[in-house]
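To keep things clear, I will list the structure first and then write my remarks on it.
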Amino acid sequence: MLRPATPADHVHYARLFPDLATGDPVLPPDRWLDTIAPGTLIAEDGHGSVIGYAYLQILQGNCYVRHVAIEPDRRGQGRGRMLMDAIAARLRAVDCTRWCLNVKPENEAAVRLYRAIGMTTRHTMTAFRLDWDLAARLPRGDRSVIASLVAPADDAAIEAAFAMPAGQIAEARKRPDLVLLRLVDPARPDDAGLGFAVYDPLFPGAFPFRVAAATLAPPLLAAIRAHERPDTPYIQLVSEDADLTAALLAIGGTVRLSAWHMAGDVPGPAPSRHPPSAPDRC
């Protein structure tokens, strides 16, 4: 059975989240309630015991499955498949037709499960920690760009340019602690595909972090740094582009996590409505 998380479920999140080995800290109760709890579903067995949880972000026809965690003593019993099947049923009920997630390649059991429910690998994502002095070593291009905050009128063009699900930027904007930035070429202000980032100063980190070319990363990072807290000597970001990943590795960026991004159609009966096809990246 799946149920929405309550404030009392922070203890289950705090116990299970470290097993995902993302390197991220366990959020304190107040931040968890504000950020993760609203999209968290608690999985219970027939006796009311918690056996795991999932954290979902549902947009317009797309679901990003951010966390899937199962109690260690319940693994290898088909609980992961039961949890994913239960999530799929909930998604079908709201006409959500696509889902995606990230999984470590070495987690062979999880990879087999996700392939069995129709997901395929789309790209590799790499999470970096980058000291600011290293960031200054990134090669810069000669294109003149400026950074600006993202206005709601920019959302659709940026999402289309970077193959993002519709509504992802608006969802991020609901959190006042996040900073939404884009790159603009004054000579071509309508070009929405130069650079985009969502920065969380409390983490601190940027995801998504998208640039049209690795040489555009420096001006976007400079814009992010203007919003950092004074005690933050580094930036964390997620690269989903091979050229950017290579550039970050070349300057000595520290890899915190490397994972496959997998995506597919939500299995099961067709929804009552048929939203347009969604992009692979979400």
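Convention: chains lettered A, B, ... in structure tokens order; per-chain residue numbering from 1; ligands numbered from 1 as shown.
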Would you pick out the contacts of Arg115 of chain A at 12 Å or less, using only C-alpha atoms, so that residues sharing its chain but fewer than 2 positions from it are not included, and give the list as a PyMOL selection string? chain A and resi 81+84+100-101+103+108-113+117-121+261-265+267
Using only C-alpha atoms, find each residue in segment 53-128 of chain A having at least one atom no more than 12 Å away from segment 198-215 of chain A; report its shortest atom-to-atom pair and that distance in Å (one decimal), rows by chain then rising number, as JSON lines.
{"residue": "A:Met125", "atom": "CA", "partner": "A:Pro208", "partner_atom": "CA", "distance": 10.7}
{"residue": "A:Thr126", "atom": "CA", "partner": "A:Phe207", "partner_atom": "CA", "distance": 11.1}
{"residue": "A:Ala127", "atom": "CA", "partner": "A:Phe207", "partner_atom": "CA", "distance": 9.3}
{"residue": "A:Phe128", "atom": "CA", "partner": "A:Gly205", "partner_atom": "CA", "distance": 9.3}
Once you have the residues from the selection above, write them out as a CSV table (one decimal), in the first residue's frame, restricted to N, CA and C atoms.
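Wrote it out as out.csv, contents follow:
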chain,number,residue,atom,x,y,z
A,125,MET,N,24.4,10.8,-16.5
A,125,MET,CA,24.4,12.1,-15.8
A,125,MET,C,25.6,11.9,-14.7
A,126,THR,N,26.3,13.0,-14.5
A,126,THR,CA,27.4,13.0,-13.6
A,126,THR,C,27.3,14.2,-12.7
A,127,ALA,N,27.3,13.9,-11.4
A,127,ALA,CA,27.3,15.0,-10.4
A,127,ALA,C,28.7,15.3,-9.9
A,128,PHE,N,29.0,16.6,-10.0
A,128,PHE,CA,30.3,17.1,-9.7
A,128,PHE,C,30.3,18.0,-8.4
Select from segment 88-272 of chain A everything DSSP, run on the backbone, classes as alpha helix (DSSP H), then give the selection as a PyMOL selection string. chain A and resi 88-93+108-116+132-135+155-161+168-173+217-225+242-250
Pull C-alpha atoms from the residues just selected and write them as an mmCIF file, in the first residue's frame.
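The resulting file, out.cif, is reproduced below:
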data_model
loop_
_atom_site.group_PDB
_atom_site.id
_atom_site.type_symbol
_atom_site.label_atom_id
_atom_site.label_comp_id
_atom_site.auth_asym_id
_atom_site.auth_seq_id
_atom_site.Cartn_x
_atom_site.Cartn_y
_atom_site.Cartn_z
ATOM 1 C CA ALA A 88 2.617 3.249 -12.152
ATOM 2 C CA ALA A 89 -0.998 2.728 -11.116
ATOM 3 C CA ARG A 90 -1.053 6.129 -9.414
ATOM 4 C CA LEU A 91 0.496 7.793 -12.451
ATOM 5 C CA ARG A 92 -2.021 6.229 -14.831
ATOM 6 C CA ALA A 93 -4.825 7.523 -12.623
ATOM 7 C CA GLU A 108 22.365 -4.472 -11.484
ATOM 8 C CA ALA A 109 19.181 -5.586 -9.727
ATOM 9 C CA ALA A 110 17.635 -2.120 -10.091
ATOM 10 C CA VAL A 111 18.721 -1.837 -13.726
ATOM 11 C CA ARG A 112 17.096 -5.209 -14.486
ATOM 12 C CA LEU A 113 13.897 -4.075 -12.778
ATOM 13 C CA TYR A 114 13.690 -0.801 -14.684
ATOM 14 C CA ARG A 115 14.358 -2.534 -17.991
ATOM 15 C CA ALA A 116 11.674 -5.090 -17.164
ATOM 16 C CA TRP A 132 35.460 27.827 -7.356
ATOM 17 C CA ASP A 133 39.181 28.188 -8.104
ATOM 18 C CA LEU A 134 38.916 25.158 -10.388
ATOM 19 C CA ALA A 135 35.837 26.568 -12.091
ATOM 20 C CA ASP A 155 9.768 29.078 -19.449
ATOM 21 C CA ALA A 156 8.265 27.435 -22.521
ATOM 22 C CA ALA A 157 11.092 28.469 -24.857
ATOM 23 C CA ILE A 158 13.796 27.256 -22.459
ATOM 24 C CA GLU A 159 12.017 23.935 -21.865
ATOM 25 C CA ALA A 160 11.680 23.391 -25.611
ATOM 26 C CA ALA A 161 15.295 24.341 -26.299
ATOM 27 C CA GLN A 168 9.483 21.870 -14.894
ATOM 28 C CA ILE A 169 10.633 25.474 -14.563
ATOM 29 C CA ALA A 170 7.316 26.636 -13.127
ATOM 30 C CA GLU A 171 7.556 23.847 -10.555
ATOM 31 C CA ALA A 172 11.013 25.027 -9.499
ATOM 32 C CA ARG A 173 9.741 28.596 -9.235
ATOM 33 C CA ALA A 217 29.527 27.055 -18.575
ATOM 34 C CA PRO A 218 31.826 29.799 -17.160
ATOM 35 C CA PRO A 219 29.352 32.691 -17.559
ATOM 36 C CA LEU A 220 26.541 30.584 -16.114
ATOM 37 C CA LEU A 221 28.721 29.573 -13.167
ATOM 38 C CA ALA A 222 29.694 33.215 -12.632
ATOM 39 C CA ALA A 223 26.011 34.133 -12.464
ATOM 40 C CA ILE A 224 25.410 31.366 -9.932
ATOM 41 C CA ARG A 225 28.323 32.507 -7.784
ATOM 42 C CA ALA A 242 29.406 14.441 -22.579
ATOM 43 C CA ASP A 243 31.387 17.537 -23.641
ATOM 44 C CA LEU A 244 30.645 19.375 -20.403
ATOM 45 C CA THR A 245 31.505 16.283 -18.366
ATOM 46 C CA ALA A 246 34.836 15.981 -20.194
ATOM 47 C CA ALA A 247 35.605 19.657 -19.567
ATOM 48 C CA LEU A 248 34.847 19.347 -15.848
ATOM 49 C CA LEU A 249 36.991 16.231 -15.556
ATOM 50 C CA ALA A 250 39.849 17.938 -17.405
#
Surrounding residues of Glu71 of chain A excluding itself and chain neighbours under 4 positions, 9 Å, only C-alpha atoms, as an MDAnalysis selection string: chainID A and resid 15:16 50:53 75
Excluding same-chain residues fewer than 6 positions from Asp185 of chain A, what lies within 10 Å of it counting only C-alpha atoms, as number ranges by chain? A: 143-147, 191-192, 194
For N, CA and C atoms, I'd like the residues from the last selection saved as a short mmCIF file (atom, residue, chain, number, x, y, z; two decimals), in the first residue's frame.
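Result went into out.cif, see below:
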data_model
loop_
_atom_site.label_atom_id
_atom_site.label_comp_id
_atom_site.auth_asym_id
_atom_site.auth_seq_id
_atom_site.Cartn_x
_atom_site.Cartn_y
_atom_site.Cartn_z
N ARG A 143 31.84 33.95 -27.46
CA ARG A 143 30.49 34.47 -27.65
C ARG A 143 30.13 35.39 -26.48
N SER A 144 29.60 36.54 -26.79
CA SER A 144 29.23 37.51 -25.76
C SER A 144 27.83 37.19 -25.25
N VAL A 145 27.76 36.84 -23.96
CA VAL A 145 26.46 36.51 -23.35
C VAL A 145 26.38 37.19 -22.00
N ILE A 146 25.17 37.39 -21.55
CA ILE A 146 24.91 37.91 -20.22
C ILE A 146 23.96 36.95 -19.52
N ALA A 147 23.95 37.00 -18.20
CA ALA A 147 23.05 36.14 -17.42
C ALA A 147 21.91 36.98 -16.87
N ASP A 191 17.17 33.55 -28.59
CA ASP A 191 17.81 32.23 -28.51
C ASP A 191 17.73 31.74 -27.06
N ALA A 192 16.82 30.82 -26.79
CA ALA A 192 16.59 30.36 -25.42
C ALA A 192 17.47 29.17 -25.04
N LEU A 194 20.89 28.75 -24.83
CA LEU A 194 22.31 28.97 -24.54
C LEU A 194 22.71 28.39 -23.19
#
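With only C-alpha atoms as the basis for measurement, A:Glu44 is the residue among A:Glu44, A:Asp231, A:Asp142, A:Glu106 that approaches Asp9 of chain A most closely.
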Name all residues at most 8 Å from Leu216 of chain A (count only C-alpha atoms; drop same-chain ones fewer than 6 positions away) and give them as an mmCIF file with C-alpha atoms, in the first residue's frame.
data_model
loop_
_atom_site.group_PDB
_atom_site.id
_atom_site.type_symbol
_atom_site.label_atom_id
_atom_site.label_comp_id
_atom_site.auth_asym_id
_atom_site.auth_seq_id
_atom_site.Cartn_x
_atom_site.Cartn_y
_atom_site.Cartn_z
ATOM 1 C CA ARG A 140 35.732 30.161 -22.308
ATOM 2 C CA GLY A 141 34.286 30.837 -25.714
ATOM 3 C CA LEU A 194 22.308 28.973 -24.541
ATOM 4 C CA GLY A 195 22.258 28.128 -20.860
#
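What separates atom CA of Ala163 of chain A from atom CA of His123 of chain A is a distance of 13.1 Å.
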